[in-house]
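**Student:** The file below is coords-v8.csv, CSV, C-alpha atoms:
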chain,number,residue,atom,x,y,z
A,831,MET,CA,23.0,116.0,-192.6
A,832,PRO,CA,26.2,116.0,-194.7
A,833,GLU,CA,27.7,119.4,-195.7
A,834,SER,CA,29.8,120.4,-198.7
A,835,ILE,CA,33.5,120.9,-198.0
A,836,PRO,CA,35.3,123.9,-199.3
A,837,ALA,CA,38.1,123.2,-201.8
A,838,ALA,CA,40.5,125.4,-200.0
A,839,LEU,CA,40.1,123.3,-196.8
A,840,ILE,CA,40.8,120.1,-198.7
A,841,ILE,CA,43.8,121.6,-200.4
A,842,ASP,CA,45.3,122.9,-197.1
A,843,THR,CA,44.7,119.5,-195.6
A,844,LEU,CA,46.4,117.8,-198.5
A,845,LYS,CA,49.4,120.1,-198.2
A,846,ASP,CA,49.7,119.3,-194.5
A,847,THR,CA,49.4,115.6,-195.4
A,848,PHE,CA,52.1,115.9,-197.9
A,849,ARG,CA,54.4,117.8,-195.6
A,850,GLU,CA,54.0,115.1,-193.0
A,851,ALA,CA,54.6,112.4,-195.7
A,852,ARG,CA,57.8,114.2,-196.8
A,853,ALA,CA,59.1,114.2,-193.3
A,854,ALA,CA,58.4,110.5,-193.0
A,855,LEU,CA,60.2,109.8,-196.3
A,856,ALA,CA,63.2,111.8,-195.1
A,857,ALA,CA,63.3,109.8,-191.9
A,858,GLU,CA,63.2,106.6,-194.1
A,859,GLY,CA,66.4,107.7,-195.8
A,860,TRP,CA,65.0,109.4,-199.0
A,861,GLY,CA,66.8,112.6,-198.1
A,862,ALA,CA,65.7,116.0,-199.2
A,863,PRO,CA,63.3,116.2,-202.1
A,864,ARG,CA,64.9,116.9,-205.4
A,865,GLN,CA,61.7,118.6,-206.7
A,866,GLU,CA,60.0,121.7,-205.4
A,867,HIS,CA,56.5,120.4,-205.0
A,868,LEU,CA,55.1,118.8,-201.8
A,869,GLY,CA,53.4,115.8,-203.5
A,870,TRP,CA,51.2,114.5,-206.3
A,871,ILE,CA,47.5,114.3,-207.1
A,872,VAL,CA,47.0,111.6,-209.7
A,873,SER,CA,43.5,112.0,-211.0
A,874,VAL,CA,40.9,111.0,-213.5
A,875,PRO,CA,38.8,114.1,-213.2
A,876,ASP,CA,35.9,113.7,-210.8
A,877,THR,CA,32.8,115.9,-211.3
A,878,HIS,CA,32.2,115.7,-207.6
A,879,GLN,CA,35.5,117.2,-206.6
A,880,ARG,CA,35.8,119.6,-209.5
A,881,THR,CA,36.2,122.7,-207.4
A,882,VAL,CA,39.2,121.0,-205.8
A,883,LEU,CA,40.7,120.2,-209.2
A,884,ALA,CA,40.0,123.7,-210.4
A,885,ALA,CA,41.8,125.2,-207.4
A,886,LEU,CA,44.7,122.8,-207.8
A,887,ASP,CA,45.2,124.2,-211.3
A,888,LYS,CA,46.5,127.4,-209.6
A,889,GLU,CA,48.4,125.5,-206.9
A,890,ARG,CA,52.2,125.2,-207.4
A,891,ALA,CA,53.0,123.2,-204.3
A,892,ILE,CA,51.0,120.2,-205.5
A,893,ARG,CA,51.5,118.6,-208.9
A,894,VAL,CA,48.5,117.2,-210.6
A,895,LEU,CA,48.7,114.5,-213.2
A,896,THR,CA,45.6,113.8,-215.2
A,897,CYS,CA,45.3,110.2,-216.5
A,898,ALA,CA,43.1,108.6,-219.2
A,899,THR,CA,41.9,105.8,-216.9
A,900,GLU,CA,41.9,104.9,-213.3
A,901,ASP,CA,44.0,101.8,-214.1
A,902,GLU,CA,46.7,104.1,-215.2
A,903,ALA,CA,46.3,106.3,-212.2
A,904,VAL,CA,46.8,103.4,-209.8
A,905,ALA,CA,49.9,102.1,-211.6
A,906,ILE,CA,51.4,105.6,-211.9
A,907,ALA,CA,50.8,106.1,-208.2
A,908,ALA,CA,52.6,102.9,-207.5
A,909,GLY,CA,55.6,104.1,-209.6
A,910,LEU,CA,55.7,107.4,-207.7
A,911,TYR,CA,55.6,105.4,-204.4
A,912,ILE,CA,58.5,103.2,-205.6
A,913,GLY,CA,60.5,106.4,-206.3
A,914,GLY,CA,59.8,108.0,-203.0
A,915,GLU,CA,57.1,110.5,-203.8
A,916,PRO,CA,54.0,111.2,-201.8
A,917,VAL,CA,50.8,110.7,-203.9
A,918,VAL,CA,47.0,110.8,-203.5
A,919,LEU,CA,44.6,109.3,-206.0
A,920,MET,CA,41.5,111.5,-206.7
A,921,ILE,CA,38.8,109.6,-208.6
A,922,GLN,CA,35.1,108.9,-208.8
A,923,HIS,CA,33.2,105.9,-207.6
A,924,ALA,CA,32.7,104.7,-211.2
A,925,GLY,CA,36.5,104.9,-211.7
A,926,LEU,CA,36.9,102.6,-208.7
A,927,TYR,CA,34.7,100.1,-210.3
A,928,ALA,CA,36.6,100.4,-213.6
A,929,SER,CA,39.9,99.7,-211.9
A,930,VAL,CA,39.1,96.9,-209.5
A,931,ASN,CA,41.8,94.6,-211.0
A,932,THR,CA,44.5,97.2,-210.6
A,933,LEU,CA,43.3,97.8,-207.0
A,934,ARG,CA,43.7,94.1,-206.4
A,935,GLY,CA,46.9,93.6,-208.3
A,936,VAL,CA,48.8,96.7,-207.2
A,937,ALA,CA,47.4,97.9,-203.9
A,938,LYS,CA,46.3,94.6,-202.4
A,939,ASP,CA,48.6,91.8,-203.8
A,940,GLY,CA,51.4,94.3,-204.5
A,941,ARG,CA,51.1,95.8,-201.0
A,942,VAL,CA,51.6,99.2,-202.4
A,943,PRO,CA,50.3,102.0,-200.1
A,944,MET,CA,47.5,103.7,-202.1
A,945,PHE,CA,45.4,106.5,-200.6
A,946,TYR,CA,42.2,107.2,-202.6
A,947,MET,CA,39.8,110.2,-202.4
A,948,ILE,CA,36.6,108.9,-204.1
A,949,GLY,CA,33.8,111.2,-205.0
A,950,LEU,CA,30.3,109.9,-204.5
A,951,LEU,CA,28.7,111.6,-207.5
A,952,ASN,CA,24.8,111.7,-207.2
A,953,ARG,CA,24.9,110.8,-203.5
A,954,GLU,CA,21.6,112.1,-202.1
A,955,LYS,CA,22.0,114.5,-199.2
A,956,ASP,CA,19.2,112.9,-197.1
A,957,LYS,CA,20.3,109.3,-197.6
A,958,ASP,CA,23.0,107.0,-196.3
A,959,PRO,CA,25.1,106.1,-199.3
A,960,ARG,CA,24.4,102.4,-198.7
A,961,GLU,CA,20.7,103.2,-199.2
A,962,SER,CA,21.1,105.4,-202.3
A,963,ARG,CA,18.8,104.7,-205.2
A,964,HIS,CA,21.9,105.0,-207.5
A,965,SER,CA,23.9,101.8,-207.7
A,966,MET,CA,27.1,103.7,-208.3
A,967,VAL,CA,26.7,105.3,-204.9
A,968,ARG,CA,25.2,102.3,-203.1
A,969,TYR,CA,27.9,99.7,-204.2
A,970,CYS,CA,31.0,101.8,-203.3
A,971,GLU,CA,31.4,101.0,-199.6
A,972,PRO,CA,30.4,97.3,-200.0
A,973,LEU,CA,33.0,97.0,-202.8
A,974,LEU,CA,35.7,98.5,-200.5
A,975,ASP,CA,34.6,96.2,-197.7
A,976,LEU,CA,34.8,93.2,-200.1
A,977,PHE,CA,38.4,94.0,-200.9
A,978,GLY,CA,39.3,94.8,-197.3
A,979,VAL,CA,39.9,98.5,-198.0
A,980,PRO,CA,39.4,100.6,-194.9
A,981,HIS,CA,37.4,103.7,-195.6
A,982,ALA,CA,35.9,106.8,-194.0
A,983,ARG,CA,33.3,109.3,-195.1
A,984,LEU,CA,34.0,113.0,-195.5
A,985,GLU,CA,30.6,114.3,-194.6
A,986,GLY,CA,31.5,117.9,-193.8
A,987,PRO,CA,34.4,120.2,-192.9
A,988,ASN,CA,34.9,118.6,-189.6
A,989,ASP,CA,35.8,115.3,-191.3
A,990,VAL,CA,38.9,116.4,-193.2
A,991,HIS,CA,41.1,115.0,-190.4
A,992,TRP,CA,40.4,111.6,-192.1
A,993,ILE,CA,42.6,112.6,-195.0
A,994,PRO,CA,45.9,112.5,-193.1
A,995,GLU,CA,44.7,109.6,-190.9
A,996,TYR,CA,43.8,107.4,-193.9
A,997,TYR,CA,46.9,108.4,-195.8
A,998,ARG,CA,49.0,107.3,-192.8
A,999,LEU,CA,46.8,104.1,-192.6
A,1000,SER,CA,47.6,103.2,-196.2
A,1001,ARG,CA,51.3,103.5,-195.4
A,1002,ALA,CA,51.1,101.6,-192.2
A,1003,ARG,CA,49.1,98.8,-193.7
A,1004,ARG,CA,51.0,98.8,-197.0
A,1005,GLY,CA,47.8,98.7,-199.0
A,1006,PRO,CA,44.8,100.7,-200.0
A,1007,ALA,CA,42.8,103.1,-197.9
A,1008,ALA,CA,40.1,105.5,-199.0
A,1009,VAL,CA,38.0,108.5,-198.0
A,1010,LEU,CA,34.7,109.0,-199.7
A,1011,VAL,CA,33.7,112.6,-200.5
A,1012,GLY,CA,30.0,112.6,-199.6
A,1013,LEU,CA,28.8,115.9,-201.3
A,1014,GLU,CA,30.2,118.0,-204.1
A,1015,THR,CA,33.0,120.1,-202.9
A,1016,SER,CA,32.4,123.9,-202.8
B,1096,MET,CA,63.4,90.5,-240.4
B,1097,ALA,CA,62.2,90.0,-236.8
B,1098,MET,CA,64.5,89.9,-233.8
B,1099,LYS,CA,64.6,87.4,-231.1
B,1100,PRO,CA,63.3,89.2,-227.9
B,1101,GLU,CA,66.1,87.5,-225.9
B,1102,ASP,CA,68.7,89.0,-228.1
B,1103,VAL,CA,67.2,92.5,-227.7
B,1104,LEU,CA,67.1,92.1,-224.0
B,1105,ARG,CA,70.7,91.1,-223.9
B,1106,VAL,CA,71.7,94.3,-225.7
B,1107,ILE,CA,69.6,96.3,-223.3
B,1108,ALA,CA,71.1,94.6,-220.2
B,1109,ALA,CA,74.6,95.1,-221.4
B,1110,ALA,CA,74.3,98.8,-222.1
B,1111,ARG,CA,71.6,100.2,-219.8
B,1112,GLY,CA,73.8,101.3,-216.9
B,1113,GLU,CA,71.7,102.6,-214.0
B,1114,ALA,CA,68.5,102.7,-216.0
B,1115,VAL,CA,65.4,101.2,-214.3
B,1116,CYS,CA,63.6,98.6,-216.4
B,1117,VAL,CA,59.9,97.6,-216.3
B,1118,PRO,CA,59.4,94.3,-218.2
B,1119,THR,CA,56.0,92.7,-218.5
B,1120,MET,CA,54.5,89.4,-219.8
B,1121,THR,CA,56.7,87.7,-222.3
B,1122,THR,CA,59.8,89.8,-221.7
B,1123,ALA,CA,59.6,88.9,-218.0
B,1124,PRO,CA,61.0,85.3,-217.9
B,1125,ALA,CA,64.0,86.1,-220.1
B,1126,TRP,CA,64.7,89.3,-218.3
B,1127,ARG,CA,64.7,87.4,-215.0
B,1128,THR,CA,67.6,85.3,-216.3
B,1129,ILE,CA,69.4,88.0,-218.3
B,1130,ALA,CA,69.3,90.7,-215.6
B,1131,PRO,CA,68.6,89.1,-212.2
B,1132,ASN,CA,68.5,91.1,-209.0
B,1133,ASP,CA,68.9,94.5,-210.6
B,1134,LEU,CA,67.1,97.8,-210.9
B,1135,SER,CA,63.8,96.3,-212.3
B,1136,VAL,CA,60.2,95.7,-211.4
B,1137,VAL,CA,58.0,93.4,-213.4
B,1138,CYS,CA,54.5,94.5,-214.2
B,1139,VAL,CA,52.7,91.3,-213.2
B,1140,GLY,CA,49.1,90.9,-212.2
B,1141,PHE,CA,47.8,94.0,-213.9
B,1142,MET,CA,48.3,93.5,-217.6
B,1143,GLY,CA,48.7,96.8,-219.5
B,1144,GLY,CA,50.1,98.7,-216.6
B,1145,ALA,CA,53.8,98.6,-217.5
B,1146,SER,CA,54.0,102.0,-219.1
B,1147,SER,CA,52.0,103.7,-216.3
B,1148,LEU,CA,54.2,102.0,-213.6
B,1149,GLY,CA,57.3,103.2,-215.5
B,1150,LEU,CA,55.9,106.7,-215.9
B,1151,GLY,CA,55.4,107.0,-212.1
B,1152,ILE,CA,59.0,105.9,-211.5
B,1153,ALA,CA,60.3,108.3,-214.2
B,1154,LEU,CA,58.4,111.2,-212.7
B,1155,ALA,CA,59.6,110.4,-209.2
B,1156,ARG,CA,63.3,109.9,-210.2
B,1157,PRO,CA,63.9,112.3,-213.2
B,1158,GLU,CA,67.7,111.8,-212.8
B,1159,ARG,CA,67.3,108.1,-213.9
B,1160,ARG,CA,66.4,106.6,-217.3
B,1161,VAL,CA,63.4,104.4,-217.1
B,1162,ILE,CA,62.9,101.7,-219.8
B,1163,VAL,CA,59.5,100.0,-220.2
B,1164,LEU,CA,59.7,96.6,-221.9
B,1165,ASP,CA,56.1,96.5,-223.1
B,1166,GLY,CA,54.2,94.1,-225.3
B,1167,ASP,CA,51.8,95.0,-228.1
B,1168,GLY,CA,48.9,93.1,-226.5
B,1169,SER,CA,49.7,94.7,-223.2
B,1170,LEU,CA,49.9,98.2,-224.6
B,1171,LEU,CA,46.6,97.7,-226.4
B,1172,MET,CA,45.0,97.0,-223.0
B,1173,GLN,CA,45.7,100.5,-221.8
B,1174,LEU,CA,46.3,102.4,-225.0
B,1175,GLY,CA,45.3,105.7,-223.4
B,1176,SER,CA,48.5,105.5,-221.5
B,1177,LEU,CA,50.3,106.8,-224.6
B,1178,ALA,CA,48.4,110.1,-224.2
B,1179,THR,CA,49.0,110.2,-220.5
B,1180,VAL,CA,52.8,109.6,-220.9
B,1181,ALA,CA,52.9,112.2,-223.7
B,1182,GLY,CA,51.0,114.7,-221.5
B,1183,ALA,CA,53.4,114.2,-218.6
B,1184,ALA,CA,56.4,114.5,-221.0
B,1185,PRO,CA,59.1,112.8,-218.9
B,1186,ARG,CA,62.4,113.3,-220.6
B,1187,ASN,CA,63.8,110.2,-219.1
B,1188,PHE,CA,61.2,107.8,-220.3
B,1189,VAL,CA,61.8,105.1,-223.0
B,1190,HIS,CA,58.9,102.9,-224.2
B,1191,LEU,CA,60.1,99.8,-226.0
B,1192,VAL,CA,57.2,97.9,-227.5
B,1193,PHE,CA,58.0,94.2,-228.4
B,1194,LYS,CA,55.6,93.7,-231.3
B,1195,ASN,CA,54.8,90.1,-232.2
B,1196,GLY,CA,51.2,90.5,-233.2
B,1197,VAL,CA,49.8,87.9,-230.7
B,1198,TYR,CA,48.9,87.3,-227.1
B,1199,HIS,CA,51.7,84.8,-226.7
B,1200,THR,CA,51.1,83.9,-223.1
B,1201,SER,CA,47.5,82.8,-223.6
B,1202,GLY,CA,48.2,80.7,-226.7
B,1203,SER,CA,49.2,83.1,-229.5
B,1204,GLN,CA,45.8,84.4,-230.4
B,1205,GLU,CA,46.2,87.4,-232.7
B,1206,VAL,CA,45.9,90.8,-231.1
B,1207,PRO,CA,43.3,93.1,-232.6
B,1208,GLY,CA,44.8,94.3,-235.8
B,1209,GLY,CA,47.7,91.9,-235.6
B,1210,MET,CA,50.9,93.2,-237.0
B,1211,ASP,CA,49.1,95.9,-238.9
B,1212,VAL,CA,48.7,98.1,-235.9
B,1213,ASP,CA,51.1,101.1,-236.1
B,1214,TYR,CA,52.3,102.0,-232.6
B,1215,VAL,CA,54.8,104.5,-234.0
B,1216,MET,CA,52.0,106.5,-235.6
B,1217,MET,CA,50.0,106.2,-232.4
B,1218,ALA,CA,52.9,107.5,-230.2
B,1219,ASN,CA,53.6,110.3,-232.6
B,1220,GLY,CA,49.9,111.2,-232.6
B,1221,ALA,CA,49.7,111.1,-228.8
B,1222,GLY,CA,52.6,113.5,-228.6
B,1223,TYR,CA,55.7,111.4,-227.8
B,1224,ARG,CA,58.9,113.4,-228.5
B,1225,ASP,CA,60.0,110.7,-231.0
B,1226,ALA,CA,58.9,107.3,-232.2
B,1227,TYR,CA,60.3,104.8,-234.7
B,1228,ALA,CA,60.4,101.1,-235.5
B,1229,ILE,CA,63.4,98.7,-235.6
B,1230,GLY,CA,63.3,95.2,-237.0
B,1231,ASP,CA,67.0,94.3,-237.2
B,1232,LEU,CA,69.2,93.5,-234.2
B,1233,ASP,CA,72.3,95.2,-235.6
B,1234,GLU,CA,70.4,98.4,-236.1
B,1235,PHE,CA,69.0,98.1,-232.6
B,1236,ARG,CA,72.5,97.5,-231.2
B,1237,ARG,CA,73.7,100.6,-233.1
B,1238,ARG,CA,70.9,102.8,-232.1
B,1239,PHE,CA,70.6,101.8,-228.4
B,1240,PRO,CA,73.2,104.3,-227.1
B,1241,ALA,CA,71.0,107.1,-228.5
B,1242,ILE,CA,67.9,105.5,-227.1
B,1243,LEU,CA,69.5,105.7,-223.7
B,1244,THR,CA,70.3,109.4,-224.1
B,1245,ASP,CA,67.8,111.0,-226.4
B,1246,GLU,CA,65.2,113.2,-224.8
B,1247,GLY,CA,61.9,111.4,-224.1
B,1248,PRO,CA,59.3,110.3,-224.1
B,1249,LEU,CA,60.5,108.0,-226.8
B,1250,LEU,CA,58.7,104.9,-228.2
B,1251,VAL,CA,60.5,102.3,-230.2
B,1252,GLU,CA,58.4,99.6,-231.9
B,1253,LEU,CA,60.6,96.4,-232.0
B,1254,HIS,CA,59.6,93.7,-234.5
B,1255,THR,CA,60.2,90.5,-232.7
B,1256,THR,CA,59.6,86.8,-232.9
B,1257,LEU,CA,58.0,84.9,-230.1
B,1258,ALA,CA,60.0,84.6,-226.8
B,1259,ALA,CA,61.2,81.2,-225.9
B,1260,GLU,CA,59.3,81.3,-222.6
B,1261,THR,CA,56.2,83.0,-221.3
B,1262,PRO,CA,55.0,83.6,-217.7
B,1263,MET,CA,52.9,80.4,-218.2
B,1264,THR,CA,55.8,78.1,-219.4
B,1265,ALA,CA,58.3,79.7,-217.0
B,1266,PRO,CA,56.4,80.9,-213.9
B,1267,GLY,CA,58.0,82.1,-210.8
B,1268,GLY,CA,60.3,84.9,-209.9
B,1269,VAL,CA,60.2,87.3,-207.0
B,1270,PRO,CA,56.7,88.3,-206.0
B,1271,PHE,CA,55.6,91.7,-207.1
B,1272,HIS,CA,55.3,93.1,-203.6
B,1273,GLN,CA,58.9,92.1,-202.9
B,1274,GLN,CA,60.1,93.6,-206.2
B,1275,VAL,CA,58.4,96.9,-205.2
B,1276,GLU,CA,60.2,97.0,-201.9
B,1277,ASP,CA,63.5,95.9,-203.4
B,1278,LEU,CA,63.5,98.5,-206.1
B,1279,SER,CA,62.3,101.2,-203.8
B,1280,GLU,CA,65.1,100.4,-201.4
B,1281,LYS,CA,67.7,100.5,-204.2
B,1282,LEU,CA,66.4,103.9,-205.3
B,1283,ARG,CA,66.4,105.2,-201.8
B,1284,ARG,CA,70.0,104.2,-201.1
B,1285,PRO,CA,71.7,104.3,-204.5
Let's see the structure in the file written out as structure tokens.
**Tutor:**
Amino acid sequence: MPESIPAALIIDTLKDTFREARAALAAEGWGAPRQEHLGWIVSVPDTHQRTVLAALDKERAIRVLTCATEDEAVAIAAGLYIGGEPVVLMIQHAGLYASVNTLRGVAKDGRVPMFYMIGLLNREKDKDPRESRHSMVRYCEPLLDLFGVPHARLEGPNDVHWIPEYYRLSRARRGPAAVLVGLETS
Amino acid sequence: MAMKPEDVLRVIAAARGEAVCVPTMTTAPAWRTIAPNDLSVVCVGFMGGASSLGLGIALARPERRVIVLDGDGSLLMQLGSLATVAGAAPRNFVHLVFKNGVYHTSGSQEVPGGMDVDYVMMANGAGYRDAYAIGDLDEFRRRFPAILTDEGPLLVELHTTLAAETPMTAPGGVPFHQQVEDLSEKLRRP
């Protein structure tokens, strides 16, 4: 059965992911960061990950940029990538559906590394997401499959290792990669 | 009196220095000719995304000016980006909106509201630091040095005629993915 993941664990994992990303950027020739933060969360607030977003409000090492739409979030993340900044997208499954053209145009055709954390709001604890009675839950993985986006499920605290692994994967593949947050974070 | 977009672009190209430019739609073909192989990335394939793409670059590289060469139809497609830009408040961000009242690329159908839509008022309402309109090339030429140095986010609504070319009549250019890599490389090793 899936378990809720504590916000603090996700944030610590994100910090480690950003530290590793900063080191990789330095090795690529970006030099020392000119800004104090480790990286960026670009978000359209996701009810499912609200405890993470609430905790990030108090977090100085990670900058959070709230966007009006997921289309914006993807394009902003692309700009941050161009400028040598580590970035994670934090959205909801409905936002993925809303921004499919930008996923295609920027992350796929544009070959821009794009790491998504996608909340599966309304996912039933006792059901595989693909068998959910909610279409917004049920269609998420098939849509990612359709676009060739590798994805992994965060089904409990032991799965947070997928965050750095799929972040790295997005960079290695120069395209999108996603982790799906199965239950509401705690 | 409306300005020719190509004339506006020439003024920008001549004076922009090390500013990064983000053209889109009907500014793209002319910009490709006027400012080839420079610090630019064209928003192509995700209409409406120019201001957001430029915002990301501006936040990543606060030491550089970023100039978005947007269109009115494109901006309408992601109008919420005005609030997102204003919320992020990048001081190095300039948003030039080439306003011609139509979707030129698809056959010049009028945009919702046509020329009556007031982007200056919208930008001010969203919280841009400053916003104003210019319809005369001499005035644009005179004010452009300040546009390059005034604290942003700044929006300038430019009243323009139709461009000579559109992405449909003058297709081509460097693919977006290559532009991304090229610009990133230039920013990495200035």
**Student:** Between A:Ala905, A:Ala851, A:Leu844, A:Ala857, which is the closest to chain B once you count only C-alpha atoms?
**Tutor:**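 Closest to chain B of all the choices is A:Ala905.
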**Student:** Pick out the closest residue to Pro863 of chain A from this set: B:Gly1222, B:Arg1156, B:Phe1193, B:Asp1167. Count all atoms listed in the file.
**Tutor:** B:Arg1156
**Student:** Kindly provide the residues of chain A that approach chain B to within 8 Å, each paired with its closest atom pair and their distance in Å to one decimal, based on all atoms listed in the file, listed by chain and increasing number, as a tab-separated table.
**Tutor:**
residue	atom	partner	partner_atom	distance
A:Gly859	CA	B:Arg1283	CA	6.5
A:Trp860	CA	B:Arg1283	CA	5.2
A:Leu895	CA	B:Ala1183	CA	7.2
A:Thr896	CA	B:Thr1179	CA	7.3
A:Cys897	CA	B:Thr1179	CA	5.4
A:Ala898	CA	B:Gly1175	CA	5.6
A:Thr899	CA	B:Gly1175	CA	7.3
A:Asp901	CA	B:Gly1144	CA	7.3
A:Glu902	CA	B:Ser1147	CA	5.4
A:Ala903	CA	B:Ser1147	CA	7.5
A:Ala905	CA	B:Leu1148	CA	4.7
A:Ile906	CA	B:Gly1151	CA	4.2
A:Ala907	CA	B:Gly1151	CA	6.1
A:Ala908	CA	B:Leu1148	CA	6.4
A:Gly909	CA	B:Gly1151	CA	3.8
A:Leu910	CA	B:Gly1151	CA	4.4
A:Tyr911	CA	B:Gly1151	CA	7.9
A:Ile912	CA	B:Ser1279	CA	4.7
A:Gly913	CA	B:Ala1155	CA	5.0
A:Gly914	CA	B:Ala1155	CA	6.7
A:Glu915	CA	B:Ala1155	CA	6.0
A:Asn931	CA	B:Phe1141	CA	6.7
A:Thr932	CA	B:Phe1141	CA	5.7
A:Gly935	CA	B:Gly1140	CA	5.2
A:Val936	CA	B:Phe1141	CA	7.3
A:Asp939	CA	B:His1272	CA	6.8
A:Gly940	CA	B:His1272	CA	4.2
A:Arg941	CA	B:His1272	CA	5.6
A:Val942	CA	B:His1272	CA	7.2
**Student:** Write the residues of the selection above to a file with C-alpha atoms, as a PDB file, in the frame of the given file.
**Tutor:**
ATOM      1  CA  GLY A 859      66.400 107.700-195.800  1.00  0.00           C
ATOM      2  CA  TRP A 860      65.000 109.400-199.000  1.00  0.00           C
ATOM      3  CA  LEU A 895      48.700 114.500-213.200  1.00  0.00           C
ATOM      4  CA  THR A 896      45.600 113.800-215.200  1.00  0.00           C
ATOM      5  CA  CYS A 897      45.300 110.200-216.500  1.00  0.00           C
ATOM      6  CA  ALA A 898      43.100 108.600-219.200  1.00  0.00           C
ATOM      7  CA  THR A 899      41.900 105.800-216.900  1.00  0.00           C
ATOM      8  CA  ASP A 901      44.000 101.800-214.100  1.00  0.00           C
ATOM      9  CA  GLU A 902      46.700 104.100-215.200  1.00  0.00           C
ATOM     10  CA  ALA A 903      46.300 106.300-212.200  1.00  0.00           C
ATOM     11  CA  ALA A 905      49.900 102.100-211.600  1.00  0.00           C
ATOM     12  CA  ILE A 906      51.400 105.600-211.900  1.00  0.00           C
ATOM     13  CA  ALA A 907      50.800 106.100-208.200  1.00  0.00           C
ATOM     14  CA  ALA A 908      52.600 102.900-207.500  1.00  0.00           C
ATOM     15  CA  GLY A 909      55.600 104.100-209.600  1.00  0.00           C
ATOM     16  CA  LEU A 910      55.700 107.400-207.700  1.00  0.00           C
ATOM     17  CA  TYR A 911      55.600 105.400-204.400  1.00  0.00           C
ATOM     18  CA  ILE A 912      58.500 103.200-205.600  1.00  0.00           C
ATOM     19  CA  GLY A 913      60.500 106.400-206.300  1.00  0.00           C
ATOM     20  CA  GLY A 914      59.800 108.000-203.000  1.00  0.00           C
ATOM     21  CA  GLU A 915      57.100 110.500-203.800  1.00  0.00           C
ATOM     22  CA  ASN A 931      41.800  94.600-211.000  1.00  0.00           C
ATOM     23  CA  THR A 932      44.500  97.200-210.600  1.00  0.00           C
ATOM     24  CA  GLY A 935      46.900  93.600-208.300  1.00  0.00           C
ATOM     25  CA  VAL A 936      48.800  96.700-207.200  1.00  0.00           C
ATOM     26  CA  ASP A 939      48.600  91.800-203.800  1.00  0.00           C
ATOM     27  CA  GLY A 940      51.400  94.300-204.500  1.00  0.00           C
ATOM     28  CA  ARG A 941      51.100  95.800-201.000  1.00  0.00           C
ATOM     29  CA  VAL A 942      51.600  99.200-202.400  1.00  0.00           C
TER      30      VAL A 942
END
**Student:** Considering all atoms listed in the file, state which residue in the set A:Glu971, A:Gly949, A:Leu919, A:Phe848 is at the smallest distance from Ile871 of chain A.
**Tutor:** A:Leu919
**Student:** As an exercise, work out the distance from atom CA of Thr881 of chain A to atom CA of Glu1014 of chain A in Å and give it to one decimal place.
**Tutor:**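 We find that atom CA of Thr881 of chain A and atom CA of Glu1014 of chain A lie 8.3 Å from each other.
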**Student:** So the first atom is atom CA of Gln879 of chain A and the second is atom CA of Thr1015 of chain A; what is the distance between them in Å, to one decimal place?
**Tutor:**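 Pair atom CA of Gln879 of chain A / atom CA of Thr1015 of chain A returns 5.3 Å.
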**Student:** Identify, on the basis of all atoms listed in the file, every residue whose closest approach to segment 1199-1201 of chain B does not exceed 8 Å; exclude the query and any residue fewer than 6 positions from it along the same chain; express the result as a list in words.
**Tutor:**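 Returned residues: Met1120, Thr1121, Leu1257, Thr1261, Pro1262 and Met1263 of chain B.
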**Student:** I'd like to know which of A:Ala1007, A:Ala937, A:Leu926, A:Ile841 is closest to Arg893 of chain A, using only C-alpha atoms.
**Tutor:**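 Between A:Ala1007, A:Ala937, A:Leu926, A:Ile841, the residue approaching Arg893 of chain A most closely is A:Ile841.
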**Student:** Just to confirm, what's the straight-line distance from atom CA of Ser1016 of chain A to atom CA of Asp958 of chain A in Å (one decimal)?
**Tutor:** 20.4 Å
